[in-house]
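A.B. asks: Before I ask anything, let me first share the structure, which is written out below as structure tokens.
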Amino acid sequence: MAWYSSITRAQWKTLAAAQFGWALDAMDVMLYAFALTAIRDEFHLSSAAAGAMASATLLASAFGGVLFGVLADRIGRARALTLAILIYSGFTGLTATATGVAMLLVWRTLVGMGMGGVWSAGSVLVAESWPAEHRGKAAGLMQSGWAIGYILAALLAAAVMPRWGWRPLFVLGVAPALLAVWVLNRVEEPRRAPSPARPFALSPALWRTAAIASSVTSCVLFAYWGLFTWIPSYLSSPVARGGAGMSVMQSTGWIVPMQIGSFFGYTLFGFLADRFGRRPVFLTFVLAAAVLVPIYGQWGRHQTALMLMGPLIGFFGHGYFSVFGAMLAELFPAAIRATAQGLCYNVGRAASALAPFTIGALADRFGIGSALAFTSVFFAAGGALIFLLPETRGEELT
């Protein structure tokens, strides 16, 4: 019997809600990456300052992720997911009204709050709804929504920005609010243990597990945001500044194949992790990314090479994220699962908030291509740390 024959309609519906919520979250967040050059020019920002704006979104998403993890244990996974979608879509729309740097910073910070909440609520919702032997597949399919959202952002940027500028782009980011209504009315809430009065009252053993897991997420999230926040600018920056010298329209043609590669990376990771285990597959992906990224960053003058390498960068530079939706849920008991999962993932997000600023500052000094290569150090560190956590493949959730 095919594996998907055993999955119920309610379980598919839960996965669809989390996947689309994550896809539209990605779209709203990555609109800023595609508008980065135009925003930088309009507000006369340096690369470091423009990167700091993205860092503020990530820092807020870390706080939002922890907050929504607690909320998901208190009010339910589906309700917390709905609220997070409403927040990030509403404030993405308001980004279009920014008349100065301060207002832009406020709106992007509030976008981050909702962004962090979607993963914390949605990943636990999927993990608790799907059977253990297919949980990795479900986590991978949910995570693949990020690639879909990234592609949507690229296509919208190419269609809207050359004609109307960057502001209408963010108005379109309000659309995900419609998904929130569907989630609230159609998705079943999984059974769960009552949340404890003190949500962070973990045992010493669980605090140790949380600290190691947070270190892993910190490394790979720093690498991810340092790399993929700046790839659109890398492709569209002049060759003299270490970029590839493309227009926004041209760079979209390079980014879409990259994100198709990432879609397959997310999805295939889940199947491989259910077959071979979480840790060895994770190590393979991050080490491959660590090798490929420095090469990619130095090939700005060779656009054909960038096109050919793009799907590989997408595949290995994204796919490892699928481990977290399954593995983090398998490490913690039900009553604090969303809280602990949200904490571990979003401590990593908080650390990664430094990445866009750091890579932007290095780009100002050494060129953007050379700055991207720096992220490979963090990919490799994440691969080393994963072996301090237990293998959880097949773990039944209480």
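Chain labels run A, B, ... following the order of the structure tokens; each chain numbers its residues from 1, and ligands are numbered from 1 in the order shown.
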Once you count only C-alpha atoms, what closest atom pair and distance in Å to one decimal does each residue of range 59-173 of chain A within 12 Å of range 277-291 of chain A have, with rows by chain and rising residue number, as CSV?
C.D. replies:
residue,atom,partner,partner_atom,distance
A:Glu133,CA,A:Gly277,CA,11.1
A:Arg135,CA,A:Arg278,CA,11.2
A:Gly136,CA,A:Arg278,CA,8.4
A:Lys137,CA,A:Arg278,CA,11.4
A:Ala139,CA,A:Arg278,CA,11.7
A:Gly140,CA,A:Arg278,CA,11.7
A.B. asks: Dump C-alpha atoms for the selected residues as a PDB file, in the first residue's frame?
C.D. replies:
ATOM      1  CA  GLU A 133       6.311   6.828  10.505  1.00  0.00           C
ATOM      2  CA  ARG A 135       6.007  12.682  10.382  1.00  0.00           C
ATOM      3  CA  GLY A 136       9.246  13.548   8.571  1.00  0.00           C
ATOM      4  CA  LYS A 137       7.415  13.573   5.231  1.00  0.00           C
ATOM      5  CA  ALA A 139       7.347  18.234   8.099  1.00  0.00           C
ATOM      6  CA  GLY A 140       9.157  18.316   4.760  1.00  0.00           C
TER       7      GLY A 140
END
A.B. asks: Give me the residues within 12 Å of range 377-386 of chain A as JSON, numbers by chain, counting only C-alpha atoms and dropping any in the same chain fewer than 5 places off.
C.D. replies: {"A": [209, 211, 212, 213, 214, 215, 216, 217, 218, 219, 220, 221, 222, 223, 224, 225, 226, 227, 277, 278, 279, 280, 281, 282, 283, 284, 285, 286, 287, 288, 289, 290, 291, 292, 293, 294, 316, 317, 318, 320, 321, 323, 324, 327, 328, 348, 351, 352, 355, 371, 372, 391, 392]}
A.B. asks: Fewer than 2 positions away in the same chain doesn't count, so skip those; otherwise give me all residues within 12 Å of Glu42 in chain A, counting only C-alpha atoms, as an mmCIF file with C-alpha atoms, in the first residue's frame.
C.D. replies:
data_model
loop_
_atom_site.group_PDB
_atom_site.id
_atom_site.type_symbol
_atom_site.label_atom_id
_atom_site.label_comp_id
_atom_site.auth_asym_id
_atom_site.auth_seq_id
_atom_site.Cartn_x
_atom_site.Cartn_y
_atom_site.Cartn_z
ATOM 1 C CA ALA A 35 12.450 45.345 -2.752
ATOM 2 C CA LEU A 36 15.689 45.792 -0.793
ATOM 3 C CA THR A 37 17.622 47.649 -3.500
ATOM 4 C CA ALA A 38 14.722 50.029 -4.252
ATOM 5 C CA ILE A 39 14.079 50.698 -0.544
ATOM 6 C CA ARG A 40 17.775 51.276 0.055
ATOM 7 C CA HIS A 44 19.409 56.482 1.205
ATOM 8 C CA LEU A 45 20.477 53.500 3.297
ATOM 9 C CA SER A 46 23.832 51.727 3.304
ATOM 10 C CA ALA A 50 19.203 47.933 4.916
ATOM 11 C CA ALA A 98 6.012 53.848 5.222
ATOM 12 C CA THR A 99 7.117 57.454 4.718
ATOM 13 C CA GLY A 100 10.429 57.146 6.541
ATOM 14 C CA VAL A 101 12.883 54.729 8.061
ATOM 15 C CA LEU A 104 9.280 51.166 7.947
ATOM 16 C CA GLY A 165 7.573 50.446 -7.756
ATOM 17 C CA TRP A 166 7.942 48.648 -4.446
ATOM 18 C CA ARG A 167 4.920 49.940 -2.480
#
A.B. asks: Could you tell me which of A:Ala273, A:Ala326, A:Val118, A:Leu306 comes closest to Ala72 in chain A if we count only C-alpha atoms?
C.D. replies: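 Result for the nearest residue to Ala72 in chain A: A:Val118.
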A.B. asks: Between A:Ala210, A:Leu71, A:Ile295, A:Met27, which one has atoms that come closest to Gly310 in chain A, using only C-alpha atoms?
C.D. replies: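 Using only C-alpha atoms, Gly310 in chain A sits closest to A:Ile295.
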A.B. asks: When you count only C-alpha atoms, which of these residues is closest to Ile151 in chain A: A:Gly21, A:Pro168, A:Gly394, A:Pro257?
C.D. replies: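 Looking at the shortest contact to Ile151 in chain A, the residue is A:Pro257.
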A.B. asks: Between CA of Phe357 in chain A and CA of Leu169 in chain A, what is the distance in Å, rounded to a tenth?
C.D. replies: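 These two atoms are separated by 23.4 Å.
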A.B. asks: Nearest to Pro232 in chain A: which of A:Leu178, A:Val256, A:Val347, A:Ala33 is it, counting only C-alpha atoms?
C.D. replies: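 Among A:Leu178, A:Val256, A:Val347, A:Ala33, it is A:Ala33 that comes nearest to Pro232 in chain A.
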A.B. asks: Quick one: residues within 7 Å of Leu24 in chain A, only C-alpha atoms, excluding same-chain residues fewer than 4 positions away - as a list in words?
C.D. replies: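 Listing them by chain and then by number gives Phe20, Asp28, Gly149 and Pro176 of chain A.
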A.B. asks: So which bits of range 85-246 of chain A end up alpha helix (DSSP H) when you DSSP the backbone, as a PyMOL selection string?
C.D. replies: chain A and resi 85-95+101-129+135-143+145-164+167-171+177-186+204-228+231-236
A.B. asks: Could you check the closest approach to Ala329 in chain A for each of A:Ser120, A:Thr358, A:Thr252, A:Gln298 and tell me which residue wins, using only C-alpha atoms?
C.D. replies: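 Residue with the minimum atom-to-atom distance to Ala329 in chain A: A:Ser120.
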A.B. asks: Neighbours of Leu15 in chain A within 9 Å (only C-alpha atoms; same-chain residues fewer than 4 positions away dropped), as a list in words?
C.D. replies: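 Returned residues: Ala10, Gln11, Gln19, Phe20, Gly122, Leu125, Val126, Ser129, Trp130, Ala138, Ala139, Leu141 and Met142 of chain A.
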A.B. asks: Mind giving me the straight-line distance from CA of Gly261 in chain A to CA of Tyr32 in chain A in Å, one decimal?
C.D. replies: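 Taking CA of Gly261 in chain A as the start and CA of Tyr32 in chain A as the end point, the length is 21.5 Å.
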A.B. asks: Using only C-alpha atoms, can you tell me which of A:Ala353, A:Leu235, A:Leu312, A:Val106 comes closest to Phe63 in chain A?
C.D. replies: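 Closest residue, counting only C-alpha atoms: A:Ala353.
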A.B. asks: Would you work out the distance separating CA of Ala153 in chain A from CA of Met30 in chain A, expressed in Å to one decimal?
C.D. replies: 6.2 Å
A.B. asks: Hey, what's within 8 Å of Ala52 in chain A if we count only C-alpha atoms and toss same-chain stuff fewer than 3 positions away? As a PyMOL selection string, please?
C.D. replies: chain A and resi 48-49+55-56+354+356-357
